[in-house]
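Data block below; observations after.
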Amino acid sequence: MNGKMKALMKTRAASGAELIEVDIPSIGPNDVLVKVKAASICGTDVHIYTWDPWSQGRIKPPMIFGHEFAGEVVAIGQQVTSVQVGDYVSAEGHFVCDTCIQCRTGQAHICQRVAILGVDTNGCFAEYVAIPEKNIWHNDPETPPELASIQDPMGNAVHTVFAGGDVVAKRVLVVGCGPIGIFAVAVAKAAAAAEVYAMEVNEYRLELAQRLGANRVINPTKEDPVQVIMELTGGTGVDVMLEMSGNPRAIDQGFKALRYGGRAALLGLPSQPIEFDLSDNIVFKGAEVYGVTGRRMWDTWFKMKGLFKSGLLNVGPVITHKFPLEEFEKGFELMISGNCGKIVLIP
């Protein structure tokens, strides 16, 4: 497909981005071309936009960023068989090798040679994006594009909630209520958790967590979260702790609030190495600890599909703002402020 398109590009190694006109991407025999209907902003995109130390070591401008989207297929490669022009799709943004030991043993989400859409390859903050056929996910036609575009981060939440087991009838603590943490609150409630507690310093996001079903919200700048949890659980602690913040003090508090023999799943990323009491928080406590990255391919996607179909999961309130792609700066400013949920850009 020939022609030009608008794209949000990281043009240089500095803070910010530019909306420019570039060629519509060409596709190979095993690729599909998708016209983007909605693309949501991720925390990773904020790192790239602000040009923090992580992005400086990983991103190679010029490149189009963005990796969460929904759209319509407008062209397919000659060898594509499972996708048709007109299909309504999203995509798994981890492009894996299919040959390493992880890929061949059901752990493709931690492929040794993974490339990530919008990080290692041109992404979806554009009118069109090229995707390998094997990474395409067919959306339910009844799912609005803005909701379909957030399946990537919601998948992170789903993976974290179910890491190591279920949460049925369990007391769950979500530490950090950015959008993925808020998704985790909703997913845990939909999966029949007995009670879900949410810990966060941002009052706007605490209110969102409460709207999504948190039984009790805790601002650790105003009250002692460990004391609160112990009072709520009769001195036992929570059964499951989901760490989404990456904040060293919050991580320590989350583990102190976890009961003996409890389960912790860690998704948040500290910005640097941290000091941590491994003996008391994990070893003597007999805690099960799971490191979580991405989504299990494709187990997590089918879980999300089932949760949507069940009618028990309503994550619509997490999408708090929508902007035309041309107003991307407003979206990123809001994300940096923290006074928002998910922000969707419309090309």
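The way I read the labels, and the way they are meant: chains A, B, ... in the order of the structure tokens, residue 1 as the first residue of every chain, and ligand 1 as the first ligand shown, with later ones counted on from there.
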
Ile182 of chain A surroundings by only C-alpha atoms, 9 Å radius, close-in-sequence under 4 positions cut, as an NGL selection string: :A and (157 or 174 or 176-178 or 186-187 or 198 or 205-206 or 208-210 or 212 or 214 or 315 or 318 or 341)

Now that the selection is made, can you save its residues with N, CA, C and O atoms as a short mmCIF file (atom, residue, chain, number, x, y, z; two decimals), in the first residue's frame?
```cif
data_model
loop_
_atom_site.label_atom_id
_atom_site.label_comp_id
_atom_site.auth_asym_id
_atom_site.auth_seq_id
_atom_site.Cartn_x
_atom_site.Cartn_y
_atom_site.Cartn_z
N ALA A 157 -1.83 -7.07 33.86
CA ALA A 157 -2.56 -7.20 35.12
C ALA A 157 -3.10 -8.62 35.29
O ALA A 157 -3.00 -9.21 36.37
N VAL A 174 -3.19 -4.84 46.26
CA VAL A 174 -2.56 -4.29 45.06
C VAL A 174 -1.74 -3.08 45.50
O VAL A 174 -2.29 -2.11 46.02
N GLY A 176 0.36 -0.05 44.38
CA GLY A 176 0.60 0.81 43.21
C GLY A 176 -0.58 0.78 42.26
O GLY A 176 -0.88 -0.25 41.67
N CYS A 177 -1.27 1.91 42.13
CA CYS A 177 -2.48 1.96 41.32
C CYS A 177 -2.32 2.88 40.12
O CYS A 177 -3.15 3.77 39.88
N GLY A 178 -1.25 2.67 39.36
CA GLY A 178 -1.25 3.16 38.01
C GLY A 178 -2.30 2.38 37.24
O GLY A 178 -2.99 1.51 37.81
N ALA A 186 -9.69 -4.65 39.32
CA ALA A 186 -10.91 -5.11 38.64
C ALA A 186 -10.84 -6.59 38.31
O ALA A 186 -11.83 -7.32 38.45
N VAL A 187 -9.68 -7.05 37.87
CA VAL A 187 -9.53 -8.47 37.51
C VAL A 187 -9.67 -9.35 38.74
O VAL A 187 -10.34 -10.39 38.70
N ALA A 198 -6.29 -1.65 47.94
CA ALA A 198 -5.46 -0.92 46.98
C ALA A 198 -4.64 0.14 47.70
O ALA A 198 -5.18 0.93 48.48
N ARG A 205 -5.99 8.38 41.50
CA ARG A 205 -5.96 6.96 41.13
C ARG A 205 -6.54 6.07 42.22
O ARG A 205 -7.11 5.01 41.92
N LEU A 206 -6.46 6.50 43.47
CA LEU A 206 -7.14 5.75 44.53
C LEU A 206 -8.64 5.76 44.31
O LEU A 206 -9.33 4.76 44.52
N LEU A 208 -10.14 6.00 41.44
CA LEU A 208 -10.41 5.08 40.34
C LEU A 208 -10.41 3.64 40.82
O LEU A 208 -11.26 2.83 40.43
N ALA A 209 -9.42 3.29 41.67
CA ALA A 209 -9.36 1.92 42.20
C ALA A 209 -10.62 1.58 42.97
O ALA A 209 -11.15 0.46 42.88
N GLN A 210 -11.14 2.55 43.72
CA GLN A 210 -12.37 2.32 44.46
C GLN A 210 -13.55 2.12 43.51
O GLN A 210 -14.40 1.25 43.73
N LEU A 212 -13.40 0.81 40.65
CA LEU A 212 -13.24 -0.50 40.02
C LEU A 212 -13.44 -1.64 41.00
O LEU A 212 -13.31 -2.80 40.61
N ALA A 214 -12.25 -1.80 44.63
CA ALA A 214 -11.43 -1.99 45.82
C ALA A 214 -12.28 -1.85 47.09
O ALA A 214 -13.02 -0.87 47.23
N VAL A 315 -13.77 -2.49 32.79
CA VAL A 315 -12.58 -1.64 32.95
C VAL A 315 -12.73 -0.32 32.21
O VAL A 315 -11.80 0.47 32.14
N VAL A 318 -11.42 3.02 33.58
CA VAL A 318 -9.97 3.26 33.64
C VAL A 318 -9.54 4.18 32.49
O VAL A 318 -8.54 4.89 32.59
N GLY A 341 -6.21 7.99 34.20
CA GLY A 341 -6.10 6.56 34.07
C GLY A 341 -5.37 6.27 32.77
O GLY A 341 -4.30 6.80 32.50
#
```

With 10 Å as the cut-off and only C-alpha atoms counted, what is the closest atom pair between each nearby residue of segment 291-346 of chain A and segment 121-131 of chain A? Distances in Å to one decimal, ordered by chain and number, as a Markdown table.
```
| residue | atom | partner | partner_atom | distance |
| --- | --- | --- | --- | --- |
| A:Leu325 | CA | A:Phe125 | CA | 7.7 |
| A:Phe328 | CA | A:Phe125 | CA | 9.5 |
| A:Leu345 | CA | A:Phe125 | CA | 7.9 |
| A:Ile346 | CA | A:Glu127 | CA | 8.9 |
```

Could you save the residues just selected, with all heavy atoms, as a compact mmCIF listing (two decimals), in the first residue's frame?
```
# COMPACT_ATOMS: atom_id res chain seq x y z
N LEU A 325 -4.61 12.26 17.75
CA LEU A 325 -3.17 12.06 17.72
C LEU A 325 -2.43 13.40 17.68
O LEU A 325 -1.35 13.54 18.28
CB LEU A 325 -2.77 11.20 16.51
CG LEU A 325 -1.31 10.78 16.40
CD1 LEU A 325 -0.86 9.98 17.62
CD2 LEU A 325 -1.07 9.97 15.12
N PHE A 328 -1.21 14.92 21.06
CA PHE A 328 -0.45 13.96 21.87
C PHE A 328 0.21 14.61 23.09
O PHE A 328 0.36 13.98 24.14
CB PHE A 328 0.60 13.25 21.01
CG PHE A 328 1.72 14.14 20.53
CD1 PHE A 328 2.88 14.31 21.27
CD2 PHE A 328 1.62 14.81 19.31
CE1 PHE A 328 3.91 15.12 20.82
CE2 PHE A 328 2.65 15.62 18.85
CZ PHE A 328 3.79 15.79 19.62
N LEU A 345 -5.16 7.73 22.24
CA LEU A 345 -4.97 8.64 21.12
C LEU A 345 -5.70 8.09 19.89
O LEU A 345 -5.64 6.88 19.63
CB LEU A 345 -3.47 8.80 20.80
CG LEU A 345 -2.59 9.36 21.92
CD1 LEU A 345 -1.12 9.37 21.49
CD2 LEU A 345 -3.04 10.75 22.34
N ILE A 346 -6.37 8.96 19.17
CA ILE A 346 -7.14 8.55 17.99
C ILE A 346 -6.47 9.13 16.73
O ILE A 346 -6.49 10.36 16.54
CB ILE A 346 -8.60 9.06 18.06
CG1 ILE A 346 -9.24 8.66 19.41
CG2 ILE A 346 -9.40 8.52 16.88
CD1 ILE A 346 -9.38 7.18 19.64
```

Nearest to Lys35 of chain A, chosen from A:Ile218, A:Leu242, A:Ala265, A:Val89, with only C-alpha atoms counted in the distances: A:Val89

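Taking only C-alpha atoms, the non-local environment of Asp152 of chain A within 7 Å (same-chain residues fewer than 2 positions away omitted) comprises Glu68, Glu92, Ile150, Met154, Gly155 and Asn156 of chain A.
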
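Distances here use only C-alpha atoms; by that measure, the residue among A:Leu267, A:Leu258, A:Lys60, A:Glu275 closest to Asp120 of chain A is A:Lys60.
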
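The neighbours of Gly71 of chain A here are the residues that come within 10 Å of it, using only C-alpha atoms and leaving out any residue fewer than 2 positions away in the same chain; they are Leu33, Val34, Lys35, Val36, Lys37, Ala38, Ala39, Phe69, Val73, Val74, Gly86, Asp87, Tyr88, Val89, Ser90, Ala91, Cys124, Glu127, Tyr128, Val129, Asn139, Pro145, Glu146, Ala148 and Ser149 of chain A.
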
Expected answer as a PyMOL selection string: helix (DSSP H, G or I) residues in segment 21-270 of chain A: chain A and resi 43-50+53-58+101-104+108-110+133-135+145-148+151-162+179-190+203-211+225-232+248-256

All strand (DSSP E or B) positions in segment 114-272 of chain A, as a ChimeraX atom specification: /A:115-117,121,126,128-132,136-138,171-175,195-199,216-218,238-243,258-266

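Relative to atom CA of Met199 of chain A, atom CA of Val167 of chain A is found at 17.9 Å.
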
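Separating atom CA of Arg58 of chain A from atom CA of Asp45 of chain A is a distance of 12.3 Å.
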
Nearest to Gly28 of chain A, chosen from A:Ala13, A:Ile48, A:Cys100, A:Pro132, with only C-alpha atoms counted in the distances: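 Closest to Gly28 of chain A, using only C-alpha atoms: A:Pro132.
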
Selection near Gly165 of chain A, 9 Å with only C-alpha atoms, sequence-local residues under 3 positions removed, as a ChimeraX atom specification: /A:161-162,263

Prev. selection, C-alpha atoms, output as a PDB file, in the first residue's frame:
```
ATOM      1  CA  VAL A 161      -3.214 -11.609  39.270  1.00  0.00           C
ATOM      2  CA  PHE A 162      -3.048 -15.278  38.253  1.00  0.00           C
ATOM      3  CA  ARG A 263       1.977 -15.406  47.435  1.00  0.00           C
TER       4      ARG A 263
END
```

Nearest residue to Pro248 of chain A from the set A:Met5, A:Ile274, A:Asp31, A:Ala264 (distances using only C-alpha atoms):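 Ranked by minimum distance to Pro248 of chain A, first place goes to A:Ile274.
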
Of the listed residues A:Gly306, A:Gly268, A:Gly106, A:Gly118, that which approaches Gly181 of chain A most closely, counting only C-alpha atoms: A:Gly268

Residues within 12 Å of Gly262 of chain A, only C-alpha atoms, excluding chain neighbours under 3 positions, as a PDB file with N, CA, C and O atoms, in the first residue's frame:
```
ATOM      1  N   GLY A 164       1.006 -17.962  39.634  1.00  0.00           N
ATOM      2  CA  GLY A 164       1.144 -18.909  40.742  1.00  0.00           C
ATOM      3  C   GLY A 164      -0.138 -19.485  41.279  1.00  0.00           C
ATOM      4  O   GLY A 164      -0.108 -20.314  42.199  1.00  0.00           O
ATOM      5  N   GLY A 165      -1.290 -19.091  40.736  1.00  0.00           N
ATOM      6  CA  GLY A 165      -2.542 -19.649  41.226  1.00  0.00           C
ATOM      7  C   GLY A 165      -3.701 -18.694  41.059  1.00  0.00           C
ATOM      8  O   GLY A 165      -3.572 -17.637  40.443  1.00  0.00           O
ATOM      9  N   VAL A 167      -7.142 -16.459  42.728  1.00  0.00           N
ATOM     10  CA  VAL A 167      -7.385 -15.564  43.873  1.00  0.00           C
ATOM     11  C   VAL A 167      -8.766 -15.780  44.462  1.00  0.00           C
ATOM     12  O   VAL A 167      -9.250 -14.951  45.239  1.00  0.00           O
ATOM     13  N   LYS A 170      -9.728 -15.225  48.234  1.00  0.00           N
ATOM     14  CA  LYS A 170      -8.513 -14.745  48.904  1.00  0.00           C
ATOM     15  C   LYS A 170      -8.569 -13.228  49.106  1.00  0.00           C
ATOM     16  O   LYS A 170      -9.257 -12.507  48.388  1.00  0.00           O
ATOM     17  N   ARG A 171      -7.799 -12.775  50.092  1.00  0.00           N
ATOM     18  CA  ARG A 171      -7.638 -11.350  50.333  1.00  0.00           C
ATOM     19  C   ARG A 171      -6.399 -10.875  49.579  1.00  0.00           C
ATOM     20  O   ARG A 171      -5.308 -11.417  49.763  1.00  0.00           O
ATOM     21  N   VAL A 172      -6.584  -9.865  48.737  1.00  0.00           N
ATOM     22  CA  VAL A 172      -5.552  -9.437  47.803  1.00  0.00           C
ATOM     23  C   VAL A 172      -5.192  -7.973  48.057  1.00  0.00           C
ATOM     24  O   VAL A 172      -6.080  -7.126  48.210  1.00  0.00           O
ATOM     25  N   LEU A 173      -3.900  -7.696  48.074  1.00  0.00           N
ATOM     26  CA  LEU A 173      -3.410  -6.319  48.180  1.00  0.00           C
ATOM     27  C   LEU A 173      -2.733  -5.933  46.876  1.00  0.00           C
ATOM     28  O   LEU A 173      -1.797  -6.607  46.433  1.00  0.00           O
ATOM     29  N   THR A 236      -3.470 -11.341  60.419  1.00  0.00           N
ATOM     30  CA  THR A 236      -2.896 -12.415  59.592  1.00  0.00           C
ATOM     31  C   THR A 236      -2.095 -11.883  58.411  1.00  0.00           C
ATOM     32  O   THR A 236      -1.028 -12.407  58.082  1.00  0.00           O
ATOM     33  N   GLY A 237      -2.587 -10.866  57.737  1.00  0.00           N
ATOM     34  CA  GLY A 237      -1.978 -10.390  56.493  1.00  0.00           C
ATOM     35  C   GLY A 237      -2.753 -10.895  55.288  1.00  0.00           C
ATOM     36  O   GLY A 237      -3.636 -11.758  55.401  1.00  0.00           O
ATOM     37  N   VAL A 238      -2.434 -10.370  54.134  1.00  0.00           N
ATOM     38  CA  VAL A 238      -3.151 -10.753  52.916  1.00  0.00           C
ATOM     39  C   VAL A 238      -2.619 -12.069  52.352  1.00  0.00           C
ATOM     40  O   VAL A 238      -1.463 -12.430  52.559  1.00  0.00           O
ATOM     41  N   ASP A 239      -3.468 -12.765  51.624  1.00  0.00           N
ATOM     42  CA  ASP A 239      -3.082 -14.025  51.000  1.00  0.00           C
ATOM     43  C   ASP A 239      -2.212 -13.801  49.771  1.00  0.00           C
ATOM     44  O   ASP A 239      -1.323 -14.603  49.469  1.00  0.00           O
ATOM     45  N   VAL A 240      -2.517 -12.720  49.032  1.00  0.00           N
ATOM     46  CA  VAL A 240      -1.834 -12.442  47.768  1.00  0.00           C
ATOM     47  C   VAL A 240      -1.464 -10.954  47.735  1.00  0.00           C
ATOM     48  O   VAL A 240      -2.296 -10.097  48.020  1.00  0.00           O
ATOM     49  N   MET A 241      -0.209 -10.683  47.365  1.00  0.00           N
ATOM     50  CA  MET A 241       0.251  -9.301  47.220  1.00  0.00           C
ATOM     51  C   MET A 241       0.735  -9.096  45.787  1.00  0.00           C
ATOM     52  O   MET A 241       1.593  -9.840  45.296  1.00  0.00           O
ATOM     53  N   LEU A 242       0.161  -8.094  45.119  1.00  0.00           N
ATOM     54  CA  LEU A 242       0.509  -7.793  43.733  1.00  0.00           C
ATOM     55  C   LEU A 242       1.257  -6.468  43.713  1.00  0.00           C
ATOM     56  O   LEU A 242       0.676  -5.416  43.992  1.00  0.00           O
ATOM     57  N   GLY A 254       4.558  -3.951  51.216  1.00  0.00           N
ATOM     58  CA  GLY A 254       3.726  -5.006  50.649  1.00  0.00           C
ATOM     59  C   GLY A 254       4.095  -6.372  51.197  1.00  0.00           C
ATOM     60  O   GLY A 254       3.214  -7.175  51.555  1.00  0.00           O
ATOM     61  N   PHE A 255       5.385  -6.660  51.291  1.00  0.00           N
ATOM     62  CA  PHE A 255       5.814  -7.959  51.823  1.00  0.00           C
ATOM     63  C   PHE A 255       5.516  -8.072  53.310  1.00  0.00           C
ATOM     64  O   PHE A 255       5.162  -9.162  53.791  1.00  0.00           O
ATOM     65  N   LYS A 256       5.643  -6.976  54.050  1.00  0.00           N
ATOM     66  CA  LYS A 256       5.315  -7.035  55.480  1.00  0.00           C
ATOM     67  C   LYS A 256       3.821  -7.273  55.688  1.00  0.00           C
ATOM     68  O   LYS A 256       3.408  -7.840  56.711  1.00  0.00           O
ATOM     69  N   ALA A 257       2.986  -6.851  54.732  1.00  0.00           N
ATOM     70  CA  ALA A 257       1.541  -7.058  54.834  1.00  0.00           C
ATOM     71  C   ALA A 257       1.113  -8.440  54.339  1.00  0.00           C
ATOM     72  O   ALA A 257      -0.043  -8.825  54.498  1.00  0.00           O
ATOM     73  N   LEU A 258       2.034  -9.189  53.744  1.00  0.00           N
ATOM     74  CA  LEU A 258       1.731 -10.525  53.225  1.00  0.00           C
ATOM     75  C   LEU A 258       1.764 -11.538  54.360  1.00  0.00           C
ATOM     76  O   LEU A 258       2.660 -11.525  55.207  1.00  0.00           O
ATOM     77  N   ARG A 259       0.794 -12.435  54.378  1.00  0.00           N
ATOM     78  CA  ARG A 259       0.751 -13.435  55.445  1.00  0.00           C
ATOM     79  C   ARG A 259       1.858 -14.469  55.269  1.00  0.00           C
ATOM     80  O   ARG A 259       2.423 -14.632  54.183  1.00  0.00           O
ATOM     81  N   ALA A 265       3.332 -11.496  43.633  1.00  0.00           N
ATOM     82  CA  ALA A 265       3.658 -11.394  42.214  1.00  0.00           C
ATOM     83  C   ALA A 265       4.158  -9.981  41.960  1.00  0.00           C
ATOM     84  O   ALA A 265       3.491  -9.009  42.325  1.00  0.00           O
ATOM     85  N   ASN A 281      11.247 -11.155  54.975  1.00  0.00           N
ATOM     86  CA  ASN A 281      10.125 -10.928  54.059  1.00  0.00           C
ATOM     87  C   ASN A 281       9.782 -12.132  53.194  1.00  0.00           C
ATOM     88  O   ASN A 281       8.648 -12.261  52.725  1.00  0.00           O
ATOM     89  N   ILE A 282      10.769 -13.009  52.946  1.00  0.00           N
ATOM     90  CA  ILE A 282      10.510 -14.143  52.053  1.00  0.00           C
ATOM     91  C   ILE A 282      10.877 -15.481  52.695  1.00  0.00           C
ATOM     92  O   ILE A 282      10.042 -16.369  52.831  1.00  0.00           O
ATOM     93  N   VAL A 283      12.134 -15.637  53.125  1.00  0.00           N
ATOM     94  CA  VAL A 283      12.601 -16.960  53.567  1.00  0.00           C
ATOM     95  C   VAL A 283      11.844 -17.432  54.804  1.00  0.00           C
ATOM     96  O   VAL A 283      11.194 -18.491  54.791  1.00  0.00           O
ATOM     97  N   PHE A 284      11.919 -16.676  55.896  1.00  0.00           N
ATOM     98  CA  PHE A 284      11.249 -17.094  57.131  1.00  0.00           C
ATOM     99  C   PHE A 284       9.736 -17.071  56.993  1.00  0.00           C
ATOM    100  O   PHE A 284       9.023 -17.778  57.704  1.00  0.00           O
ATOM    101  N   LYS A 285       9.243 -16.258  56.063  1.00  0.00           N
ATOM    102  CA  LYS A 285       7.795 -16.159  55.851  1.00  0.00           C
ATOM    103  C   LYS A 285       7.274 -17.299  54.982  1.00  0.00           C
ATOM    104  O   LYS A 285       6.068 -17.540  54.910  1.00  0.00           O
ATOM    105  N   GLY A 286       8.176 -18.011  54.314  1.00  0.00           N
ATOM    106  CA  GLY A 286       7.742 -19.103  53.432  1.00  0.00           C
ATOM    107  C   GLY A 286       6.907 -18.601  52.272  1.00  0.00           C
ATOM    108  O   GLY A 286       5.995 -19.287  51.795  1.00  0.00           O
ATOM    109  N   ALA A 287       7.231 -17.401  51.792  1.00  0.00           N
ATOM    110  CA  ALA A 287       6.434 -16.783  50.728  1.00  0.00           C
ATOM    111  C   ALA A 287       6.785 -17.355  49.363  1.00  0.00           C
ATOM    112  O   ALA A 287       7.938 -17.698  49.091  1.00  0.00           O
ATOM    113  N   GLU A 288       5.778 -17.457  48.517  1.00  0.00           N
ATOM    114  CA  GLU A 288       5.989 -17.778  47.104  1.00  0.00           C
ATOM    115  C   GLU A 288       6.080 -16.460  46.342  1.00  0.00           C
ATOM    116  O   GLU A 288       5.206 -15.605  46.495  1.00  0.00           O
ATOM    117  N   VAL A 289       7.111 -16.304  45.521  1.00  0.00           N
ATOM    118  CA  VAL A 289       7.332 -15.044  44.817  1.00  0.00           C
ATOM    119  C   VAL A 289       7.483 -15.303  43.324  1.00  0.00           C
ATOM    120  O   VAL A 289       8.241 -16.184  42.913  1.00  0.00           O
ATOM    121  N   TYR A 290       6.747 -14.529  42.525  1.00  0.00           N
ATOM    122  CA  TYR A 290       6.762 -14.674  41.077  1.00  0.00           C
ATOM    123  C   TYR A 290       7.140 -13.352  40.422  1.00  0.00           C
ATOM    124  O   TYR A 290       6.545 -12.318  40.703  1.00  0.00           O
TER     125      TYR A 290
END
```

Computed interatomic separation between atom CA of Asn314 of chain A and atom CA of Gly246 of chain A (Å): 25.8 Å

Do you know which residues are at most 12 Å from Ile20 of chain A counting only C-alpha atoms, after dropping those on the same chain fewer than 3 positions away, and could you put them as a CSV table (one decimal) with C-alpha atoms, in the first residue's frame?
```csv
chain,number,residue,atom,x,y,z
A,4,LYS,CA,2.0,8.8,3.3
A,5,MET,CA,0.7,8.8,6.9
A,6,LYS,CA,0.9,10.8,10.1
A,7,ALA,CA,3.1,9.3,12.8
A,8,LEU,CA,4.3,10.3,16.2
A,9,MET,CA,8.1,9.8,16.0
A,10,LYS,CA,11.0,10.0,18.4
A,11,THR,CA,13.1,12.0,15.9
A,17,ALA,CA,8.4,13.7,20.1
A,23,ASP,CA,5.7,6.5,4.3
A,62,PRO,CA,14.4,8.0,14.7
A,63,MET,CA,11.5,5.6,15.3
A,64,ILE,CA,7.7,5.5,15.7
A,125,PHE,CA,1.3,5.9,17.2
A,126,ALA,CA,0.5,6.3,13.6
A,127,GLU,CA,-2.3,5.9,11.1
A,325,LEU,CA,-3.2,12.1,17.7
A,326,GLU,CA,-2.4,15.7,16.9
```

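Residue nearest Lys330 of chain A, chosen from A:Ile41, A:Leu307, A:Ile229, A:Ile101 and counting only C-alpha atoms: A:Ile41.
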